[in-house]
$ cat work.txt   # compact mmCIF, C-alpha atoms
# COMPACT_ATOMS: atom_id res chain seq x y z
CA MET G 1 0.00 0.00 0.00
CA ASN G 2 2.81 2.37 0.92
CA THR G 3 4.59 1.36 -2.27
CA ASN G 4 1.55 2.25 -4.43
CA GLU G 5 1.13 5.61 -2.70
CA ALA G 6 4.81 6.41 -3.19
CA SER G 7 4.70 5.51 -6.90
CA SER G 8 1.53 7.54 -7.50
CA SER G 9 2.91 10.58 -5.67
CA GLY G 10 6.15 10.26 -7.65
CA ALA G 11 4.22 10.12 -10.92
CA ALA G 12 2.19 13.19 -9.95
CA GLN G 13 5.37 15.03 -9.04
CA VAL G 14 6.97 14.12 -12.39
CA GLY G 15 3.78 15.20 -14.21
CA SER G 16 3.69 18.58 -12.48
CA GLN G 17 7.38 19.10 -13.22
CA SER G 18 6.87 18.28 -16.94
CA SER G 19 3.81 20.59 -17.05
CA ALA G 20 5.80 23.39 -15.45
CA ALA G 21 8.65 22.83 -17.91
CA ALA G 22 6.19 22.91 -20.82
CA LYS G 23 4.73 26.21 -19.62
CA LYS G 24 8.22 27.59 -19.17
CA ASN G 25 9.23 26.65 -22.73
CA SER G 26 5.93 27.75 -24.28
CA LYS G 27 6.08 30.67 -26.74
CA LYS G 28 2.47 31.59 -26.21
CA PRO G 29 2.37 35.27 -25.13
CA LYS G 30 0.82 36.28 -21.89
CA TYR G 31 -2.77 37.27 -22.40
CA SER G 32 -3.52 40.97 -22.42
CA ARG G 33 -6.03 43.12 -24.26
CA PHE G 34 -3.16 44.95 -25.95
CA SER G 35 -1.46 41.81 -27.31
CA GLN G 36 -4.78 40.42 -28.49
CA GLN G 37 -5.78 43.76 -30.10
CA GLU G 38 -8.88 44.08 -27.95
CA LEU G 39 -8.45 47.68 -26.80
CA PRO G 40 -11.30 50.10 -27.56
CA ALA G 41 -11.02 51.16 -31.22
CA CYS G 42 -13.03 52.82 -33.95
CA LYS G 43 -14.26 50.13 -36.34
CA PRO G 44 -16.35 51.95 -38.95
CA ILE G 45 -18.69 50.04 -41.21
CA LEU G 46 -18.42 51.05 -44.86
CA THR G 47 -22.04 51.61 -45.84
CA PRO G 48 -23.16 52.85 -49.28
CA GLY G 49 -23.87 56.26 -47.77
CA TRP G 50 -20.34 56.60 -46.41
CA ALA G 51 -18.74 55.43 -49.67
CA ILE G 52 -20.82 57.81 -51.82
CA SER G 53 -20.20 60.73 -49.46
CA THR G 54 -16.42 60.10 -49.49
CA PHE G 55 -16.21 60.00 -53.29
CA ILE G 56 -18.31 63.17 -53.61
CA ALA G 57 -16.12 65.00 -51.05
CA ILE G 58 -12.91 64.03 -52.89
CA GLY G 59 -14.39 65.15 -56.21
CA ILE G 60 -15.56 68.49 -54.77
CA VAL G 61 -12.07 69.18 -53.34
CA PHE G 62 -9.92 67.89 -56.22
CA ILE G 63 -11.74 69.41 -59.22
CA PRO G 64 -11.36 73.09 -58.12
CA ILE G 65 -7.69 72.49 -57.27
CA GLY G 66 -7.17 70.90 -60.69
CA LEU G 67 -8.85 73.81 -62.48
CA ALA G 68 -6.81 76.38 -60.52
CA SER G 69 -3.55 74.51 -61.27
CA LEU G 70 -4.42 74.20 -64.96
CA PHE G 71 -5.31 77.89 -65.30
CA ALA G 72 -2.10 78.87 -63.48
CA SER G 73 -0.06 76.68 -65.84
CA GLU G 74 -1.79 78.20 -68.88
CA ARG G 75 -0.82 81.70 -67.74
CA VAL G 76 2.87 80.75 -67.80
CA VAL G 77 4.55 81.98 -70.99
CA GLU G 78 7.29 79.67 -72.23
CA ILE G 79 9.58 79.77 -75.26
CA VAL G 80 11.55 76.63 -76.14
CA ASP G 81 14.16 76.66 -78.90
CA ARG G 82 16.31 73.70 -79.89
CA TYR G 83 19.55 75.03 -81.29
CA ASP G 84 22.09 72.18 -81.31
CA GLU G 85 21.34 71.22 -84.94
CA HIS G 86 20.63 74.72 -86.29
CA CYS G 87 23.94 76.05 -84.96
CA VAL G 88 26.03 73.62 -87.01
CA PRO G 89 27.32 75.01 -90.36
CA ALA G 90 26.04 73.35 -93.52
CA LYS G 91 29.38 71.81 -94.41
CA TYR G 92 29.36 69.89 -91.10
CA SER G 93 25.73 68.76 -91.39
CA LYS G 94 26.80 65.13 -91.76
CA ASN G 95 29.60 65.22 -89.21
CA TYR G 96 28.61 67.07 -86.05
CA LEU G 97 31.52 65.65 -84.07
CA ALA G 98 34.09 67.10 -86.44
CA TYR G 99 32.50 70.50 -85.94
CA ILE G 100 32.31 70.45 -82.14
CA GLN G 101 35.76 68.89 -81.62
CA ASN G 102 37.56 71.29 -83.95
CA SER G 103 38.80 74.24 -81.88
CA LYS G 104 39.17 76.41 -85.02
CA THR G 105 35.52 76.30 -86.12
CA ASN G 106 33.31 79.28 -85.34
CA LYS G 107 30.95 78.25 -82.57
CA THR G 108 28.94 81.48 -82.57
CA CYS G 109 25.30 81.15 -83.58
CA THR G 110 22.44 83.65 -83.71
CA ARG G 111 18.82 82.75 -83.03
CA ARG G 112 15.70 84.91 -83.05
CA LEU G 113 12.82 84.20 -80.71
CA ILE G 114 9.38 85.82 -80.96
CA VAL G 115 7.62 86.52 -77.66
CA PRO G 116 4.01 85.18 -78.00
CA LYS G 117 2.60 87.02 -74.95
CA GLN G 118 3.83 89.57 -72.47
CA MET G 119 6.44 88.06 -70.18
CA LYS G 120 6.66 89.88 -66.87
CA SER G 121 9.95 89.94 -65.04
CA PRO G 122 11.72 87.98 -63.85
CA VAL G 123 12.04 85.91 -67.02
CA PHE G 124 13.94 82.74 -66.17
CA ILE G 125 16.53 81.36 -68.59
CA TYR G 126 17.09 77.60 -68.60
CA TYR G 127 19.21 75.27 -70.66
CA GLN G 128 17.66 71.88 -71.33
CA LEU G 129 19.63 68.73 -72.08
CA ASP G 130 18.06 65.56 -73.47
CA ASN G 131 19.54 62.05 -73.31
CA PHE G 132 22.12 63.13 -70.70
CA TYR G 133 22.18 60.60 -67.85
CA GLN G 134 23.39 62.55 -64.84
CA ASN G 135 21.89 59.76 -62.71
CA HIS G 136 24.48 57.20 -63.86
CA ARG G 137 25.94 55.57 -60.75
CA ARG G 138 29.58 56.17 -61.59
CA TYR G 139 28.90 59.75 -62.65
CA VAL G 140 26.92 60.57 -59.48
CA LYS G 141 29.63 59.16 -57.20
CA SER G 142 32.47 60.98 -59.01
CA ARG G 143 32.77 63.91 -56.61
CA SER G 144 34.21 64.76 -53.20
CA ASP G 145 31.78 66.55 -50.90
CA LYS G 146 34.49 66.97 -48.25
CA GLN G 147 36.77 68.70 -50.74
CA LEU G 148 33.96 71.03 -51.84
CA ARG G 149 33.26 72.06 -48.23
CA SER G 150 36.73 72.53 -46.78
CA LYS G 151 40.17 73.49 -47.98
CA ALA G 152 41.64 71.05 -45.43
CA SER G 153 40.20 68.15 -47.47
CA GLU G 154 41.84 69.23 -50.71
CA TYR G 155 43.50 65.81 -51.14
CA ASP G 156 40.31 63.83 -50.54
CA THR G 157 39.96 62.71 -54.18
CA ASN G 158 39.56 58.93 -53.83
CA LYS G 159 36.14 58.88 -55.52
CA CYS G 160 37.03 61.32 -58.30
CA LYS G 161 39.07 59.18 -60.69
CA PRO G 162 39.97 59.74 -63.48
CA GLU G 163 39.56 63.49 -62.79
CA ASP G 164 41.33 63.41 -59.41
CA SER G 165 44.73 64.99 -60.05
CA ALA G 166 46.77 66.84 -62.66
CA ASN G 167 50.50 67.50 -62.75
CA GLY G 168 50.93 65.69 -59.44
CA SER G 169 48.48 67.85 -57.44
CA PRO G 170 44.75 67.47 -56.76
CA ILE G 171 42.07 68.95 -58.97
CA VAL G 172 39.61 71.24 -57.17
CA PRO G 173 36.73 70.57 -57.71
CA CYS G 174 37.48 67.00 -58.69
CA GLY G 175 35.31 64.39 -60.36
CA LEU G 176 33.36 63.87 -63.57
CA ILE G 177 30.38 66.04 -62.56
CA ALA G 178 32.46 69.21 -62.20
CA TRP G 179 34.62 68.28 -65.20
CA SER G 180 31.54 68.10 -67.47
CA LEU G 181 30.23 71.56 -66.44
CA PHE G 182 27.93 73.06 -69.09
CA ASN G 183 29.77 75.76 -71.06
CA ASP G 184 27.38 77.16 -73.69
CA THR G 185 26.84 80.90 -73.24
CA TYR G 186 23.98 83.20 -74.26
CA TRP G 187 23.69 86.95 -74.92
CA PHE G 188 20.26 88.54 -75.33
CA SER G 189 19.05 91.73 -76.96
CA VAL G 190 15.74 93.30 -78.02
CA LYS G 191 15.59 96.09 -80.63
CA ASN G 192 19.38 96.41 -80.51
CA SER G 193 19.21 96.95 -76.76
CA LYS G 194 21.16 94.49 -74.64
CA LEU G 195 19.29 92.53 -71.98
CA ASN G 196 21.26 92.01 -68.80
CA VAL G 197 21.28 88.47 -67.45
CA SER G 198 21.50 88.16 -63.68
CA LYS G 199 23.31 85.15 -62.24
CA LYS G 200 22.47 86.05 -58.66
CA ASP G 201 20.38 83.64 -56.55
CA ILE G 202 20.11 80.95 -59.22
CA ALA G 203 21.42 78.24 -56.85
CA TRP G 204 19.79 76.80 -53.75
CA LYS G 205 20.80 78.71 -50.62
CA SER G 206 21.20 75.42 -48.72
CA ASP G 207 23.69 74.17 -51.33
CA GLN G 208 25.55 77.45 -51.41
CA GLY G 209 25.86 77.75 -47.64
CA ASN G 210 26.38 74.12 -46.59
CA LYS G 211 27.95 72.19 -49.47
CA PHE G 212 30.47 74.64 -50.94
CA GLY G 213 33.15 76.28 -48.82
CA THR G 214 33.96 79.98 -48.78
CA ASN G 215 37.69 79.15 -48.51
CA VAL G 216 37.79 76.60 -51.35
CA TYR G 217 39.10 77.90 -54.68
CA PRO G 218 39.44 76.13 -58.05
CA LYS G 219 42.82 74.54 -58.60
CA ASN G 220 44.18 72.65 -61.63
CA PHE G 221 40.64 72.62 -63.01
CA GLN G 222 40.36 71.73 -66.74
CA SER G 223 44.16 71.76 -66.97
CA GLY G 224 44.51 68.24 -68.40
CA GLY G 225 44.68 67.14 -72.00
CA LEU G 226 40.94 66.51 -72.32
CA ILE G 227 38.64 69.45 -71.56
CA GLY G 228 35.17 68.38 -70.47
CA GLY G 229 33.31 71.67 -70.14
CA ALA G 230 33.49 75.17 -68.72
CA LYS G 231 36.45 76.58 -66.85
CA LEU G 232 36.23 78.29 -63.46
CA ASN G 233 37.67 81.55 -62.19
CA SER G 234 40.40 80.53 -59.73
CA SER G 235 40.05 83.80 -57.78
CA ILE G 236 36.39 83.20 -56.85
CA PRO G 237 35.50 80.68 -54.08
CA LEU G 238 33.24 77.77 -54.97
CA SER G 239 30.46 79.10 -52.75
CA GLU G 240 30.06 82.05 -55.14
CA GLN G 241 30.28 80.09 -58.40
CA GLU G 242 26.55 79.54 -58.80
CA ASP G 243 26.74 78.00 -62.29
CA LEU G 244 28.83 75.20 -60.81
CA ILE G 245 26.52 74.80 -57.80
CA VAL G 246 23.47 74.48 -60.08
CA TRP G 247 25.26 71.90 -62.26
CA MET G 248 26.48 69.83 -59.29
CA ARG G 249 22.89 69.15 -58.17
CA THR G 250 22.48 66.14 -60.46
CA ALA G 251 19.20 65.42 -62.24
CA ALA G 252 17.19 62.24 -61.71
CA LEU G 253 16.00 61.92 -65.32
CA PRO G 254 17.86 62.00 -68.65
CA THR G 255 15.89 65.09 -69.77
CA PHE G 256 16.35 68.02 -67.42
CA ARG G 257 16.51 71.79 -67.20
CA LYS G 258 18.95 73.88 -65.19
CA LEU G 259 18.70 77.56 -64.40
CA TYR G 260 21.15 79.70 -66.37
CA GLY G 261 20.08 83.15 -65.22
CA LYS G 262 17.27 85.72 -65.03
CA ILE G 263 16.21 88.68 -67.16
CA GLU G 264 14.98 91.42 -64.85
CA GLU G 265 12.95 93.21 -67.54
CA ASP G 266 9.49 92.73 -69.02
CA LEU G 267 9.29 91.36 -72.56
CA GLU G 268 6.34 92.60 -74.57
CA ALA G 269 4.21 90.54 -76.94
CA ASN G 270 5.67 90.18 -80.46
CA ASP G 271 9.09 91.37 -79.34
CA VAL G 272 11.92 89.70 -81.25
CA VAL G 273 14.62 88.50 -78.88
CA THR G 274 17.99 88.07 -80.56
CA VAL G 275 20.11 85.41 -78.90
CA VAL G 276 23.81 85.05 -79.64
CA ILE G 277 24.87 81.56 -78.62
CA GLN G 278 28.37 80.23 -78.11
CA ASN G 279 27.77 76.57 -79.00
CA ASN G 280 30.60 74.85 -77.09
CA TYR G 281 29.05 71.93 -75.23
CA ASN G 282 29.42 68.52 -76.86
CA THR G 283 26.14 66.62 -76.85
CA TYR G 284 26.67 65.25 -80.37
CA SER G 285 28.87 62.35 -79.26
CA PHE G 286 26.01 60.68 -77.35
CA GLY G 287 23.00 61.80 -79.40
CA GLY G 288 21.93 64.48 -76.95
CA LYS G 289 19.88 67.62 -77.60
CA LYS G 290 20.29 71.19 -76.39
CA LYS G 291 17.43 73.63 -75.93
CA LEU G 292 17.17 77.20 -74.71
CA VAL G 293 14.11 77.94 -72.58
CA LEU G 294 12.68 81.32 -71.56
CA SER G 295 9.85 81.06 -69.04
CA THR G 296 7.82 82.99 -66.51
CA THR G 297 6.43 81.36 -63.37
CA SER G 298 3.19 81.14 -61.39
CA TRP G 299 2.24 80.02 -57.88
CA ILE G 300 2.78 76.38 -58.94
CA GLY G 301 6.14 77.09 -60.55
CA GLY G 302 6.83 76.71 -64.27
CA LYS G 303 4.56 75.42 -67.00
CA ASN G 304 3.24 72.03 -65.93
CA ASP G 305 -0.18 70.80 -67.06
CA PHE G 306 0.28 67.39 -65.44
CA LEU G 307 -0.63 68.52 -61.91
CA GLY G 308 -3.92 70.08 -63.01
CA VAL G 309 -4.82 67.15 -65.27
CA ALA G 310 -4.05 64.68 -62.47
CA PHE G 311 -6.32 66.47 -59.97
CA LEU G 312 -9.11 66.77 -62.55
CA THR G 313 -8.80 63.09 -63.49
CA VAL G 314 -8.96 61.86 -59.89
CA GLY G 315 -11.81 64.23 -59.00
CA GLY G 316 -13.77 63.28 -62.11
CA LEU G 317 -13.33 59.56 -61.47
CA CYS G 318 -14.52 59.97 -57.87
CA LEU G 319 -17.64 61.84 -58.96
CA LEU G 320 -18.30 59.22 -61.63
CA LEU G 321 -18.00 56.43 -59.06
CA ALA G 322 -20.30 58.32 -56.68
CA ILE G 323 -22.96 58.68 -59.39
CA SER G 324 -22.58 55.01 -60.35
CA PHE G 325 -23.03 53.88 -56.73
CA ILE G 326 -26.09 56.12 -56.32
CA LEU G 327 -27.73 54.64 -59.43
CA LEU G 328 -26.83 51.12 -58.34
CA TYR G 329 -28.22 51.75 -54.86
CA VAL G 330 -31.47 53.19 -56.25
CA VAL G 331 -32.01 50.62 -59.03
CA LYS G 332 -30.91 47.52 -57.16
CA PRO G 333 -30.69 48.17 -53.42
CA ARG G 334 -29.33 45.58 -51.02
CA PRO G 335 -30.42 45.33 -47.37
CA LEU G 336 -27.64 45.96 -44.90
CA GLY G 337 -26.63 43.22 -42.48
CA ASP G 338 -27.14 43.48 -38.74
CA PRO G 339 -23.93 44.93 -37.17
CA SER G 340 -24.66 43.09 -33.92
CA TYR G 341 -23.48 39.86 -35.58
CA LEU G 342 -19.97 41.22 -36.13
CA SER G 343 -17.33 39.44 -34.07
CA TRP G 344 -16.26 42.48 -32.06
CA ASN G 345 -19.90 43.25 -31.19
CA ARG G 346 -20.76 39.66 -30.23
CA ASN G 347 -17.69 39.27 -28.05
CA PRO G 348 -16.28 42.74 -27.26
CA SER G 349 -14.15 41.63 -24.31
CA GLY G 350 -12.40 38.85 -26.24
CA GLU G 351 -13.42 36.18 -23.75
CA THR G 352 -13.86 32.68 -25.04
CA LYS G 353 -17.05 30.79 -24.29
$ encode --input "work.txt" --output "structure tokens"
Amino acid sequence: MNTNEASSSGAAQVGSQSSAAAKKNSKKPKYSRFSQQELPACKPILTPGWAISTFIAIGIVFIPIGLASLFASERVVEIVDRYDEHCVPAKYSKNYLAYIQNSKTNKTCTRRLIVPKQMKSPVFIYYQLDNFYQNHRRYVKSRSDKQLRSKASEYDTNKCKPEDSANGSPIVPCGLIAWSLFNDTYWFSVKNSKLNVSKKDIAWKSDQGNKFGTNVYPKNFQSGGLIGGAKLNSSIPLSEQEDLIVWMRTAALPTFRKLYGKIEEDLEANDVVTVVIQNNYNTYSFGGKKKLVLSTTSWIGGKNDFLGVAFLTVGGLCLLLAISFILLYVVKPRPLGDPSYLSWNRNPSGETK
């Protein structure tokens, strides 16, 4: 009898120990309303009324914004002139590379632009490049931000090869981005009167103040055998060379515009703007295009119909869906279910029965 009691008590003890060990090793989380997502929450029911009201509200908000954006874009006056092909002499019409690579050919070209509507100052001047991939990985990485910021990092040119040094000393600014700086130039006149082009405040203030040092000056720039683009004035710090700062902010797409300057005078309708272009930049070797753009701005920026069309499209679709749901609800209504049968209404506390 004592033996049976001892064996049964031993078995019970072993069972309790194994149960305790199982609980200890269990990965089941401790019950709480937070872990089981049973805290009070808003659980809206999407009824036809709510769906129709939401679509109508979106349409009412989006359509006026789209119309305002479209009208603002239409008020922007823009002149776009592609000049890379027209500025090549007839004898080089079949060999653009021979023209652009020959230092003895005359690169001066004159274009005449007719102003379609009054352009109030400031009139922004952009150059547009097509098929130029500034977002290429090797091109984007070919720069030294430390060198641009501080004179103490002048020799930090590890990422700039092959444009890292010349004649045994570092190039400042180094890298392919700076080396390929755009170097076409433009002079403007109307009725034989010269238009002054302002280069002030064409770069981002954040770039000018934080990315380019006031004590960093160009050194050995474009001094090698192969010249990539414009040269820099070695007596002006990089923080004041705004053409370079604008160019160094690389574009995400192969077609992009960069700000060249501003005309601080009004241009009247039907004025003929004479543009003398120095066509230096080589886009012919990779099938690129060069365009000169004169543009005014509005509260949404430059000319851009996409924003207005997008708002109108979304607003129109929402109103169309709202009307469709109203007709469907009127023609073929469906009775709504009883919300009391929903799981969180039947068992709000999460207790199991």
$ residues_around --input "work.txt" --residues "Val275 (chain G)" --least-positions-apart "2" --cutoff "7 Å" --atoms "all atoms listed in the file" --output "PyMOL selection string"
chain G and resi 110-112+186-189+273+277
$ atom_distance --input "work.txt" --atom1 "CA of Ala41 (chain G)" --atom2 "CA of Thr54 (chain G)"
21.0 Å
$ residues_around --input "work.txt" --residues "Cys160 (chain G)" --least-positions-apart "2" --cutoff "9 Å" --atoms "all atoms listed in the file" --output "PDB file with C-alpha atoms, keeping the file's coordinate frame"
ATOM      1  CA  LYS G 141      29.630  59.160 -57.200  1.00  0.00           C
ATOM      2  CA  SER G 142      32.470  60.980 -59.010  1.00  0.00           C
ATOM      3  CA  ARG G 143      32.770  63.910 -56.610  1.00  0.00           C
ATOM      4  CA  SER G 144      34.210  64.760 -53.200  1.00  0.00           C
ATOM      5  CA  ASP G 156      40.310  63.830 -50.540  1.00  0.00           C
ATOM      6  CA  THR G 157      39.960  62.710 -54.180  1.00  0.00           C
ATOM      7  CA  ASN G 158      39.560  58.930 -53.830  1.00  0.00           C
ATOM      8  CA  PRO G 162      39.970  59.740 -63.480  1.00  0.00           C
ATOM      9  CA  GLU G 163      39.560  63.490 -62.790  1.00  0.00           C
ATOM     10  CA  ASP G 164      41.330  63.410 -59.410  1.00  0.00           C
ATOM     11  CA  SER G 165      44.730  64.990 -60.050  1.00  0.00           C
ATOM     12  CA  CYS G 174      37.480  67.000 -58.690  1.00  0.00           C
ATOM     13  CA  GLY G 175      35.310  64.390 -60.360  1.00  0.00           C
ATOM     14  CA  LEU G 176      33.360  63.870 -63.570  1.00  0.00           C
TER      15      LEU G 176
END
$ residues_around --input "work.txt" --residues "Val61 (chain G)" --least-positions-apart "6" --cutoff "12 Å" --atoms "only C-alpha atoms" --output "CSV table (one decimal) with C-alpha atoms, in the coordinates of the input"
chain,number,residue,atom,x,y,z
G,54,THR,CA,-16.4,60.1,-49.5
G,55,PHE,CA,-16.2,60.0,-53.3
G,67,LEU,CA,-8.8,73.8,-62.5
G,68,ALA,CA,-6.8,76.4,-60.5
G,311,PHE,CA,-6.3,66.5,-60.0
G,312,LEU,CA,-9.1,66.8,-62.6
G,314,VAL,CA,-9.0,61.9,-59.9
G,315,GLY,CA,-11.8,64.2,-59.0
G,316,GLY,CA,-13.8,63.3,-62.1
G,318,CYS,CA,-14.5,60.0,-57.9
G,319,LEU,CA,-17.6,61.8,-59.0
$ atom_distance --input "work.txt" --atom1 "CA of Leu148 (chain G)" --atom2 "CA of Pro170 (chain G)"
12.4 Å
$ closest_residue --input "work.txt" --among "G:Ser169, G:Thr47, G:Thr250, G:Gln241" --to "Asp338 (chain G)" --atoms "only C-alpha atoms"
G:Thr47
$ closest_residue --input "work.txt" --among "G:His136, G:Arg75, G:Lys200, G:Lys194" --to "Ile177 (chain G)" --atoms "all atoms listed in the file"
G:His136
$ closest_residue --input "work.txt" --among "G:Cys42, G:Leu70, G:Ile202, G:Ala57" --to "Leu307 (chain G)" --atoms "only C-alpha atoms"
G:Leu70
$ closest_residue --input "work.txt" --among "G:Tyr155, G:Tyr329, G:Tyr133, G:Phe124" --to "Val76 (chain G)" --atoms "all atoms listed in the file"
G:Phe124
$ closest_residue --input "work.txt" --among "G:Lys199, G:Arg257, G:Arg138, G:Lys211" --to "Ser150 (chain G)" --atoms "all atoms listed in the file"
G:Lys211
$ atom_distance --input "work.txt" --atom1 "CA of Lys107 (chain G)" --atom2 "CA of Asn183 (chain G)"
11.8 Å
$ closest_residue --input "work.txt" --among "G:Leu320, G:Leu39, G:Leu336, G:Ala178" --to "Ile227 (chain G)" --atoms "all atoms listed in the file"
G:Ala178
$ residues_around --input "work.txt" --residues "Asp201 (chain G)" --least-positions-apart "5" --cutoff "10 Å" --atoms "only C-alpha atoms" --output "count of residues only"
5
